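This is upload.cif (mmCIF, C-alpha atoms).
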```cif
data_work
#
loop_
_atom_site.label_atom_id
_atom_site.label_comp_id
_atom_site.auth_asym_id
_atom_site.auth_seq_id
_atom_site.Cartn_x
_atom_site.Cartn_y
_atom_site.Cartn_z
CA MET T 29 50.63 79.38 137.03
CA GLU T 30 53.58 77.12 137.91
CA ILE T 31 56.09 79.95 137.44
CA ARG T 32 54.01 82.28 139.64
CA LYS T 33 53.75 79.62 142.36
CA THR T 34 57.50 79.04 142.21
CA ILE T 35 58.32 82.74 142.63
CA LEU T 36 56.01 83.01 145.63
CA SER T 37 57.25 79.74 147.17
CA LEU T 38 60.81 81.07 147.05
CA GLY T 39 59.68 84.00 149.23
CA HIS T 40 59.67 86.69 146.55
CA LYS T 41 57.00 89.32 145.98
CA LEU T 42 55.25 90.05 142.70
CA THR T 43 55.16 93.73 141.79
CA ARG T 44 51.88 93.08 140.02
CA ASP T 45 50.03 89.78 140.33
CA TRP T 46 48.26 90.02 136.99
CA VAL T 47 47.61 86.27 136.83
CA ASN T 48 45.64 86.48 140.05
CA GLU T 49 43.83 89.60 138.76
CA GLU T 50 42.87 87.84 135.53
CA THR T 51 41.65 84.64 137.19
CA LYS T 52 39.44 86.64 139.57
CA ARG T 53 38.28 88.90 136.69
CA LYS T 54 37.09 91.56 139.08
CA ILE T 55 38.17 94.49 136.93
CA ALA T 56 37.77 94.98 133.19
CA ARG T 57 40.61 97.06 131.75
CA THR T 58 41.28 98.63 128.38
CA PRO T 59 44.50 97.74 126.54
CA SER T 60 45.94 101.19 127.35
CA GLU T 61 45.18 100.70 131.07
CA MET T 62 46.84 97.28 130.95
CA TYR T 63 49.91 98.79 129.28
CA GLU T 64 50.17 101.55 131.91
CA LEU T 65 49.87 99.03 134.76
CA THR T 66 52.45 96.76 133.16
CA GLU T 67 54.88 99.62 132.51
CA LYS T 68 54.53 100.82 136.12
CA ALA T 69 55.10 97.30 137.47
CA ILE T 70 58.21 96.83 135.33
CA LYS T 71 59.64 100.19 136.49
CA GLU T 72 59.19 99.08 140.12
CA SER T 73 60.67 95.59 139.59
CA ASP T 74 64.09 94.29 140.53
CA ALA T 75 63.69 91.55 137.90
CA VAL T 76 61.23 90.34 135.27
CA ILE T 77 60.43 86.72 134.45
CA LEU T 78 58.67 86.13 131.12
CA GLU T 79 57.31 82.91 129.64
CA TYR T 80 57.45 82.99 125.85
CA SER T 81 56.51 79.59 124.49
CA HIS T 82 53.89 81.18 122.24
CA ASN T 83 54.17 84.27 120.09
CA ILE T 84 52.28 86.78 122.22
CA GLY T 85 52.83 90.47 121.50
CA ALA T 86 52.38 91.63 125.10
CA VAL T 87 55.31 89.47 126.23
CA GLY T 88 57.52 91.04 123.58
CA GLN T 89 56.41 94.47 124.75
CA GLN T 90 57.25 93.61 128.39
CA PHE T 91 60.58 92.18 127.25
CA VAL T 92 61.55 95.40 125.44
CA LEU T 93 60.40 97.64 128.30
CA SER T 94 62.51 95.61 130.75
CA LEU T 95 65.65 95.60 128.61
CA GLN T 96 65.33 99.34 127.91
CA ARG T 97 65.36 99.94 131.65
CA GLN T 98 68.22 97.45 132.16
CA ILE T 99 66.10 95.33 134.45
CA PRO T 100 67.27 91.70 134.64
CA VAL T 101 65.04 89.42 132.53
CA LEU T 102 64.62 85.67 132.62
CA LEU T 103 63.11 84.57 129.32
CA LEU T 104 61.59 81.11 129.68
CA VAL T 105 60.50 78.83 126.85
CA LYS T 106 58.95 75.41 127.42
CA ASP T 107 61.34 72.63 126.53
CA GLY T 108 60.33 71.22 123.17
CA ASN T 109 60.22 74.55 121.30
CA ASN T 110 63.06 73.83 118.86
CA SER T 111 62.25 76.11 115.96
CA GLU T 112 65.05 78.33 114.67
CA ASP T 113 62.96 81.42 115.44
CA SER T 114 62.60 80.37 119.09
CA PRO T 115 63.13 83.25 121.53
CA LEU T 116 66.07 81.26 122.89
CA SER T 117 67.96 81.37 119.62
CA ASP T 118 70.38 84.22 119.09
CA TYR T 119 68.42 84.95 115.91
CA PHE T 120 65.64 86.30 118.16
CA ILE T 121 67.89 88.22 120.56
CA SER T 122 71.45 87.66 121.75
CA SER T 123 72.03 87.31 125.47
CA ARG T 124 75.69 88.13 124.78
CA TYR T 125 74.65 91.69 123.91
CA TYR T 126 72.27 92.15 126.85
CA LYS T 127 74.06 91.55 130.15
CA HIS T 128 70.73 91.63 132.02
CA LEU T 129 69.19 88.80 129.99
CA LYS T 130 69.09 85.10 130.84
CA LYS T 131 67.35 82.63 128.51
CA GLU T 132 66.31 79.13 129.58
CA LYS T 133 64.28 76.16 128.40
CA TYR T 134 62.21 74.69 131.18
CA LYS T 135 60.07 71.76 132.21
CA THR T 136 57.80 71.64 135.25
CA ILE T 137 60.42 69.46 136.92
CA ASN T 138 63.24 72.04 136.71
CA ILE T 139 61.39 75.38 136.88
CA LYS T 140 62.10 75.90 140.59
CA ARG T 141 65.86 75.50 140.10
CA ILE T 142 65.90 77.83 137.07
CA VAL T 143 63.89 80.56 138.79
CA SER T 144 65.88 80.20 142.02
CA ASP T 145 69.21 80.43 140.16
CA PHE T 146 68.02 83.54 138.28
CA LEU T 147 66.73 85.30 141.40
CA GLY T 148 69.99 84.43 143.18
CA TRP T 149 71.93 85.94 140.28
CA VAL T 150 69.77 89.09 140.51
CA GLU T 151 70.49 89.38 144.25
CA GLU T 152 74.24 88.92 143.71
CA ASN T 153 74.27 91.65 141.07
CA LYS T 154 71.90 94.02 142.84
CA SER T 155 74.73 96.32 143.87
CA ILE T 156 73.88 98.51 140.89
CA VAL T 157 71.50 101.35 141.75
CA ARG T 158 69.42 103.10 139.11
CA PHE T 159 68.59 106.79 139.37
CA ASN T 160 67.72 109.71 137.12
CA LEU T 161 70.37 112.30 136.35
CA GLU T 162 69.55 115.69 134.92
CA ILE T 163 72.45 117.40 133.17
CA GLU T 164 72.95 120.20 130.70
CA ARG T 165 72.80 119.42 126.97
CA GLU T 166 76.53 120.17 126.58
CA LEU T 167 77.40 117.50 129.17
CA ASP T 168 75.03 115.02 127.57
CA ASP T 169 76.59 115.65 124.15
CA TYR T 170 80.02 115.04 125.65
CA LEU T 171 78.89 111.76 127.22
CA LYS T 172 77.26 110.59 123.97
CA THR T 173 80.45 111.29 122.03
CA LYS T 174 82.69 109.62 124.62
CA ALA T 175 80.40 106.57 124.88
CA SER T 176 80.21 106.24 121.11
CA LYS T 177 83.99 106.49 120.78
CA ASN T 178 84.54 103.85 123.50
CA LYS T 179 81.60 101.69 122.39
CA THR T 180 80.07 101.91 125.88
CA SER T 181 76.99 103.52 127.40
CA LYS T 182 76.73 106.96 128.96
CA SER T 183 76.20 105.25 132.33
CA GLU T 184 79.45 103.33 131.95
CA GLU T 185 81.30 106.56 131.13
CA ILE T 186 79.88 108.27 134.23
CA ARG T 187 80.89 105.27 136.37
CA LYS T 188 84.45 105.44 134.96
CA LEU T 189 84.71 109.15 135.75
CA ILE T 190 83.47 108.63 139.32
CA LEU T 191 85.81 105.67 139.88
CA GLU T 192 88.77 107.72 138.58
CA ASP T 193 87.85 110.53 140.96
CA MET T 194 87.52 108.08 143.88
CA LYS T 195 90.90 106.61 143.05
CA LYS T 196 92.49 110.09 143.16
CA LEU T 197 91.06 110.61 146.65
CA THR T 198 92.70 107.43 147.99
CA GLU T 199 96.14 108.23 146.55
#
```

How does this structure look as structure tokens?
Amino acid sequence: MEIRKTILSLGHKLTRDWVNEETKRKIARTPSEMYELTEKAIKESDAVILEYSHNIGAVGQQFVLSLQRQIPVLLLVKDGNNSEDSPLSDYFISSRYYKHLKKEKYKTINIKRIVSDFLGWVEENKSIVRFNLEIERELDDYLKTKASKNKTSKSEEIRKLILEDMKKLTE
């Protein structure tokens, strides 16, 4: 509840206030309905903040959905979780590999600073726009090959091509 209160106190909006839904218990939902609502909320989010002090499968599922969509994620673990399989250890997942991932230990006393810093970082890096691109299979195959060769993503290859074209226009 403290993380939720912090997000709201900083003037941000929750895409889906599931904590509030659960505490009011007005609607009973099946696991598949919960998954669909969660997936929809993640797709609509600018950022995702997850608390993972306990091994809960749904948090892992939300984590993967967010990273797959390249949505910035703040993974929080209560200070005091020192096991080697802690989500903060690089054994669990490396934040060096995922540029949209921040991992932090927190206490009630520093949660506001951590969340505020993360949301500020998201705002600063929000210049990236996501959209769907439909292309022919031949073009997709080309992008896959080029990305594999350069050890990048297809998106990065498209960005490079556009930037090269923009540069030609200014010359």

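One distance worth recording is that between atom CA of Gln90 of chain T and atom CA of Asp168 of chain T, which is 27.8 Å.
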
(message) Quick check, in Å to one decimal: how far apart do atom CA of Leu78 of chain T and atom CA of Val101 of chain T lie?
(response) 7.3 Å

Could you tell me which residues the PyMOL selection byres ((chain T and resi 79-88) around 9) grabs in this file, written as a compact mmCIF listing (two decimals) with C-alpha atoms, in the frame of the given file?
```
# COMPACT_ATOMS: atom_id res chain seq x y z
CA ILE T 31 56.09 79.95 137.44
CA TYR T 63 49.91 98.79 129.28
CA ILE T 77 60.43 86.72 134.45
CA LEU T 78 58.67 86.13 131.12
CA GLN T 89 56.41 94.47 124.75
CA GLN T 90 57.25 93.61 128.39
CA PHE T 91 60.58 92.18 127.25
CA VAL T 92 61.55 95.40 125.44
CA LEU T 93 60.40 97.64 128.30
CA LEU T 102 64.62 85.67 132.62
CA LEU T 103 63.11 84.57 129.32
CA LEU T 104 61.59 81.11 129.68
CA VAL T 105 60.50 78.83 126.85
CA LYS T 106 58.95 75.41 127.42
CA ASP T 107 61.34 72.63 126.53
CA ASN T 109 60.22 74.55 121.30
CA SER T 114 62.60 80.37 119.09
CA PRO T 115 63.13 83.25 121.53
```

(request) Can you work out the spacing between atom CA of Leu167 of chain T and atom CA of Leu189 of chain T in Å, to one decimal? (result) 12.9 Å

(message) With only C-alpha atoms as the counted atoms, please give the residues lying no more than 12 Å from Glu72 of chain T, apart from itself and same-chain residues fewer than 4 positions off, as number ranges by chain.
(response) T: 41-44, 65-68, 76, 93-94, 97, 99, 158

(message) Which residue is closest to Asn160 of chain T? Choose from T:Phe146, T:Ile35, T:Glu30, T:Ser183 and count all atoms listed in the file.
(response) T:Ser183

(request) Considering only C-alpha atoms, state which residue in the set T:Arg187, T:Lys195, T:Lys127, T:Lys71 is at the smallest distance from Leu171 of chain T. (result) T:Arg187
